Amino acid sequence: MKPLPLWTKLWLLFTVIWVVVSGLNAGTILAFSEEHDKALQPIVLGVAVPAVLYLILWGWQRLRRKPPE
């Protein structure tokens, strides 16, 4: 198995932290607020932001890669 590139390791670290914080935020809203609809935004952002960041980083890596000779 090939080792992961640095950008992938950093993305995984960011994703874990982001999902945990978003989950805590959504859980707090669900537990203490009467308006459960407000919890939808942190849940959506908790999934969408890491996915978009991964696509951006993956695209950047593809653009920077040297063409095979």
# chains A, B, ... in the order shown; residues from 1 in each chain; ligands from 1
>>> residues_around(residues="Asn25 (chain A)", least_positions_apart="2", cutoff="12 Å", atoms="only C-alpha atoms", output="number ranges by chain")
A: 18-23, 27-33, 36, 38-46
>>> write_last_selection(atoms="C-alpha atoms", output="mmCIF file, in the first residue's frame")
data_model
loop_
_atom_site.group_PDB
_atom_site.id
_atom_site.type_symbol
_atom_site.label_atom_id
_atom_site.label_comp_id
_atom_site.auth_asym_id
_atom_site.auth_seq_id
_atom_site.Cartn_x
_atom_site.Cartn_y
_atom_site.Cartn_z
ATOM 1 C CA TRP A 18 -14.599 19.613 11.375
ATOM 2 C CA VAL A 19 -17.092 16.734 11.643
ATOM 3 C CA VAL A 20 -16.715 16.470 15.422
ATOM 4 C CA VAL A 21 -17.224 20.214 15.932
ATOM 5 C CA SER A 22 -20.191 20.284 13.518
ATOM 6 C CA GLY A 23 -21.709 17.262 15.241
ATOM 7 C CA GLY A 27 -26.244 18.078 18.930
ATOM 8 C CA THR A 28 -26.283 21.133 21.147
ATOM 9 C CA ILE A 29 -28.929 22.774 18.983
ATOM 10 C CA LEU A 30 -31.055 19.625 19.022
ATOM 11 C CA ALA A 31 -30.697 19.202 22.781
ATOM 12 C CA PHE A 32 -31.287 22.743 23.976
ATOM 13 C CA SER A 33 -33.244 24.543 21.286
ATOM 14 C CA HIS A 36 -34.682 21.771 15.450
ATOM 15 C CA LYS A 38 -31.488 25.216 12.894
ATOM 16 C CA ALA A 39 -29.484 21.987 13.349
ATOM 17 C CA LEU A 40 -29.723 21.241 9.649
ATOM 18 C CA GLN A 41 -27.152 23.888 8.672
ATOM 19 C CA PRO A 42 -24.253 22.499 10.788
ATOM 20 C CA ILE A 43 -25.078 18.983 9.600
ATOM 21 C CA VAL A 44 -24.997 20.004 5.934
ATOM 22 C CA LEU A 45 -21.846 22.069 6.402
ATOM 23 C CA GLY A 46 -20.246 19.212 8.334
#
>>> residues_around(residues="region 9-14 of chain A", least_positions_apart="4", cutoff="8 Å", atoms="only C-alpha atoms", output="VMD selection string")
chain A and resid 4 to 5 18 50 53 to 54
>>> write_last_selection(atoms="N, CA and C atoms", output="PDB file, in the first residue's frame")
ATOM      1  N   LEU A   4       0.149   7.714   2.170  1.00  0.00           N
ATOM      2  CA  LEU A   4      -0.692   8.843   1.774  1.00  0.00           C
ATOM      3  C   LEU A   4       0.155  10.102   1.622  1.00  0.00           C
ATOM      4  N   PRO A   5      -0.170  10.928   0.623  1.00  0.00           N
ATOM      5  CA  PRO A   5       0.532  12.209   0.515  1.00  0.00           C
ATOM      6  C   PRO A   5       0.171  13.122   1.687  1.00  0.00           C
ATOM      7  N   TRP A  18     -13.429  18.902  11.895  1.00  0.00           N
ATOM      8  CA  TRP A  18     -14.599  19.613  11.375  1.00  0.00           C
ATOM      9  C   TRP A  18     -15.887  18.847  11.667  1.00  0.00           C
ATOM     10  N   PRO A  50     -15.859  19.483   4.008  1.00  0.00           N
ATOM     11  CA  PRO A  50     -14.737  18.575   3.727  1.00  0.00           C
ATOM     12  C   PRO A  50     -14.773  17.997   2.310  1.00  0.00           C
ATOM     13  N   LEU A  53     -13.563  20.763  -0.031  1.00  0.00           N
ATOM     14  CA  LEU A  53     -12.128  20.961   0.186  1.00  0.00           C
ATOM     15  C   LEU A  53     -11.325  19.830  -0.442  1.00  0.00           C
ATOM     16  N   TYR A  54     -11.807  18.603  -0.324  1.00  0.00           N
ATOM     17  CA  TYR A  54     -11.106  17.476  -0.937  1.00  0.00           C
ATOM     18  C   TYR A  54     -11.047  17.636  -2.454  1.00  0.00           C
TER      19      TYR A  54
END
>>> closest_residue(among="A:Glu34, A:Leu6, A:Leu24, A:Ile17", to="Leu57 (chain A)", atoms="only C-alpha atoms")
A:Leu6
>>> select_by_dssp(residues="chain A", states="helix (DSSP H, G or I)", output="VMD selection string")
chain A and resid 6 to 32 36 to 64
>>> write_last_selection(atoms="C-alpha atoms", output="short mmCIF file (atom, residue, chain, number, x, y, z; two decimals), in the first residue's frame")
data_model
loop_
_atom_site.label_atom_id
_atom_site.label_comp_id
_atom_site.auth_asym_id
_atom_site.auth_seq_id
_atom_site.Cartn_x
_atom_site.Cartn_y
_atom_site.Cartn_z
CA LEU A 6 0.82 15.02 3.02
CA TRP A 7 -2.21 16.92 1.70
CA THR A 8 -4.38 13.85 2.22
CA LYS A 9 -3.19 13.40 5.80
CA LEU A 10 -3.87 17.06 6.57
CA TRP A 11 -7.30 16.81 4.91
CA LEU A 12 -8.16 13.77 7.06
CA LEU A 13 -7.12 15.63 10.22
CA PHE A 14 -9.17 18.69 9.21
CA THR A 15 -12.16 16.49 8.34
CA VAL A 16 -12.19 14.68 11.67
CA ILE A 17 -11.99 17.94 13.61
CA TRP A 18 -14.60 19.61 11.37
CA VAL A 19 -17.09 16.73 11.64
CA VAL A 20 -16.71 16.47 15.42
CA VAL A 21 -17.22 20.21 15.93
CA SER A 22 -20.19 20.28 13.52
CA GLY A 23 -21.71 17.26 15.24
CA LEU A 24 -21.34 18.87 18.66
CA ASN A 25 -22.88 22.06 17.33
CA ALA A 26 -25.85 20.21 15.81
CA GLY A 27 -26.24 18.08 18.93
CA THR A 28 -26.28 21.13 21.15
CA ILE A 29 -28.93 22.77 18.98
CA LEU A 30 -31.05 19.63 19.02
CA ALA A 31 -30.70 19.20 22.78
CA PHE A 32 -31.29 22.74 23.98
CA HIS A 36 -34.68 21.77 15.45
CA ASP A 37 -34.52 23.15 11.90
CA LYS A 38 -31.49 25.22 12.89
CA ALA A 39 -29.48 21.99 13.35
CA LEU A 40 -29.72 21.24 9.65
CA GLN A 41 -27.15 23.89 8.67
CA PRO A 42 -24.25 22.50 10.79
CA ILE A 43 -25.08 18.98 9.60
CA VAL A 44 -25.00 20.00 5.93
CA LEU A 45 -21.85 22.07 6.40
CA GLY A 46 -20.25 19.21 8.33
CA VAL A 47 -20.51 17.03 5.23
CA ALA A 48 -20.21 19.58 2.42
CA VAL A 49 -17.13 21.56 3.50
CA PRO A 50 -14.74 18.57 3.73
CA ALA A 51 -16.05 17.19 0.43
CA VAL A 52 -15.56 20.50 -1.39
CA LEU A 53 -12.13 20.96 0.19
CA TYR A 54 -11.11 17.48 -0.94
CA LEU A 55 -12.18 18.21 -4.52
CA ILE A 56 -10.26 21.50 -4.50
CA LEU A 57 -7.10 19.89 -3.12
CA TRP A 58 -7.38 16.92 -5.47
CA GLY A 59 -7.77 19.25 -8.46
CA TRP A 60 -4.84 21.36 -7.32
CA GLN A 61 -2.68 18.25 -7.01
CA ARG A 62 -3.70 17.09 -10.50
CA LEU A 63 -2.81 20.49 -11.98
CA ARG A 64 0.59 20.55 -10.28
#
>>> decode(residues="chain A", atoms="C-alpha atoms", output="mmCIF file, in the first residue's frame")
data_model
loop_
_atom_site.group_PDB
_atom_site.id
_atom_site.type_symbol
_atom_site.label_atom_id
_atom_site.label_comp_id
_atom_site.auth_asym_id
_atom_site.auth_seq_id
_atom_site.Cartn_x
_atom_site.Cartn_y
_atom_site.Cartn_z
ATOM 1 C CA MET A 1 0.000 0.000 0.000
ATOM 2 C CA LYS A 2 1.343 3.437 -0.947
ATOM 3 C CA PRO A 3 1.776 5.989 1.839
ATOM 4 C CA LEU A 4 -0.692 8.843 1.774
ATOM 5 C CA PRO A 5 0.532 12.209 0.515
ATOM 6 C CA LEU A 6 0.825 15.024 3.024
ATOM 7 C CA TRP A 7 -2.212 16.919 1.700
ATOM 8 C CA THR A 8 -4.380 13.849 2.221
ATOM 9 C CA LYS A 9 -3.189 13.401 5.800
ATOM 10 C CA LEU A 10 -3.874 17.056 6.570
ATOM 11 C CA TRP A 11 -7.298 16.813 4.908
ATOM 12 C CA LEU A 12 -8.155 13.770 7.061
ATOM 13 C CA LEU A 13 -7.115 15.633 10.215
ATOM 14 C CA PHE A 14 -9.171 18.686 9.209
ATOM 15 C CA THR A 15 -12.159 16.493 8.339
ATOM 16 C CA VAL A 16 -12.187 14.680 11.666
ATOM 17 C CA ILE A 17 -11.991 17.937 13.614
ATOM 18 C CA TRP A 18 -14.599 19.613 11.375
ATOM 19 C CA VAL A 19 -17.092 16.734 11.643
ATOM 20 C CA VAL A 20 -16.715 16.470 15.422
ATOM 21 C CA VAL A 21 -17.224 20.214 15.932
ATOM 22 C CA SER A 22 -20.191 20.284 13.518
ATOM 23 C CA GLY A 23 -21.709 17.262 15.241
ATOM 24 C CA LEU A 24 -21.337 18.869 18.661
ATOM 25 C CA ASN A 25 -22.885 22.063 17.328
ATOM 26 C CA ALA A 26 -25.847 20.212 15.812
ATOM 27 C CA GLY A 27 -26.244 18.078 18.930
ATOM 28 C CA THR A 28 -26.283 21.133 21.147
ATOM 29 C CA ILE A 29 -28.929 22.774 18.983
ATOM 30 C CA LEU A 30 -31.055 19.625 19.022
ATOM 31 C CA ALA A 31 -30.697 19.202 22.781
ATOM 32 C CA PHE A 32 -31.287 22.743 23.976
ATOM 33 C CA SER A 33 -33.244 24.543 21.286
ATOM 34 C CA GLU A 34 -36.913 24.441 20.421
ATOM 35 C CA GLU A 35 -36.094 25.057 16.755
ATOM 36 C CA HIS A 36 -34.682 21.771 15.450
ATOM 37 C CA ASP A 37 -34.517 23.149 11.903
ATOM 38 C CA LYS A 38 -31.488 25.216 12.894
ATOM 39 C CA ALA A 39 -29.484 21.987 13.349
ATOM 40 C CA LEU A 40 -29.723 21.241 9.649
ATOM 41 C CA GLN A 41 -27.152 23.888 8.672
ATOM 42 C CA PRO A 42 -24.253 22.499 10.788
ATOM 43 C CA ILE A 43 -25.078 18.983 9.600
ATOM 44 C CA VAL A 44 -24.997 20.004 5.934
ATOM 45 C CA LEU A 45 -21.846 22.069 6.402
ATOM 46 C CA GLY A 46 -20.246 19.212 8.334
ATOM 47 C CA VAL A 47 -20.509 17.032 5.234
ATOM 48 C CA ALA A 48 -20.212 19.583 2.418
ATOM 49 C CA VAL A 49 -17.131 21.560 3.496
ATOM 50 C CA PRO A 50 -14.737 18.575 3.727
ATOM 51 C CA ALA A 51 -16.053 17.187 0.429
ATOM 52 C CA VAL A 52 -15.559 20.501 -1.392
ATOM 53 C CA LEU A 53 -12.128 20.961 0.186
ATOM 54 C CA TYR A 54 -11.106 17.476 -0.937
ATOM 55 C CA LEU A 55 -12.181 18.210 -4.518
ATOM 56 C CA ILE A 56 -10.257 21.502 -4.501
ATOM 57 C CA LEU A 57 -7.100 19.886 -3.117
ATOM 58 C CA TRP A 58 -7.376 16.917 -5.473
ATOM 59 C CA GLY A 59 -7.775 19.248 -8.461
ATOM 60 C CA TRP A 60 -4.836 21.364 -7.317
ATOM 61 C CA GLN A 61 -2.684 18.246 -7.007
ATOM 62 C CA ARG A 62 -3.700 17.091 -10.495
ATOM 63 C CA LEU A 63 -2.812 20.486 -11.977
ATOM 64 C CA ARG A 64 0.587 20.551 -10.282
ATOM 65 C CA ARG A 65 1.522 16.994 -11.257
ATOM 66 C CA LYS A 66 4.229 16.734 -13.896
ATOM 67 C CA PRO A 67 3.138 15.067 -17.123
ATOM 68 C CA PRO A 68 4.602 11.594 -17.653
ATOM 69 C CA GLU A 69 7.555 11.533 -19.984
#
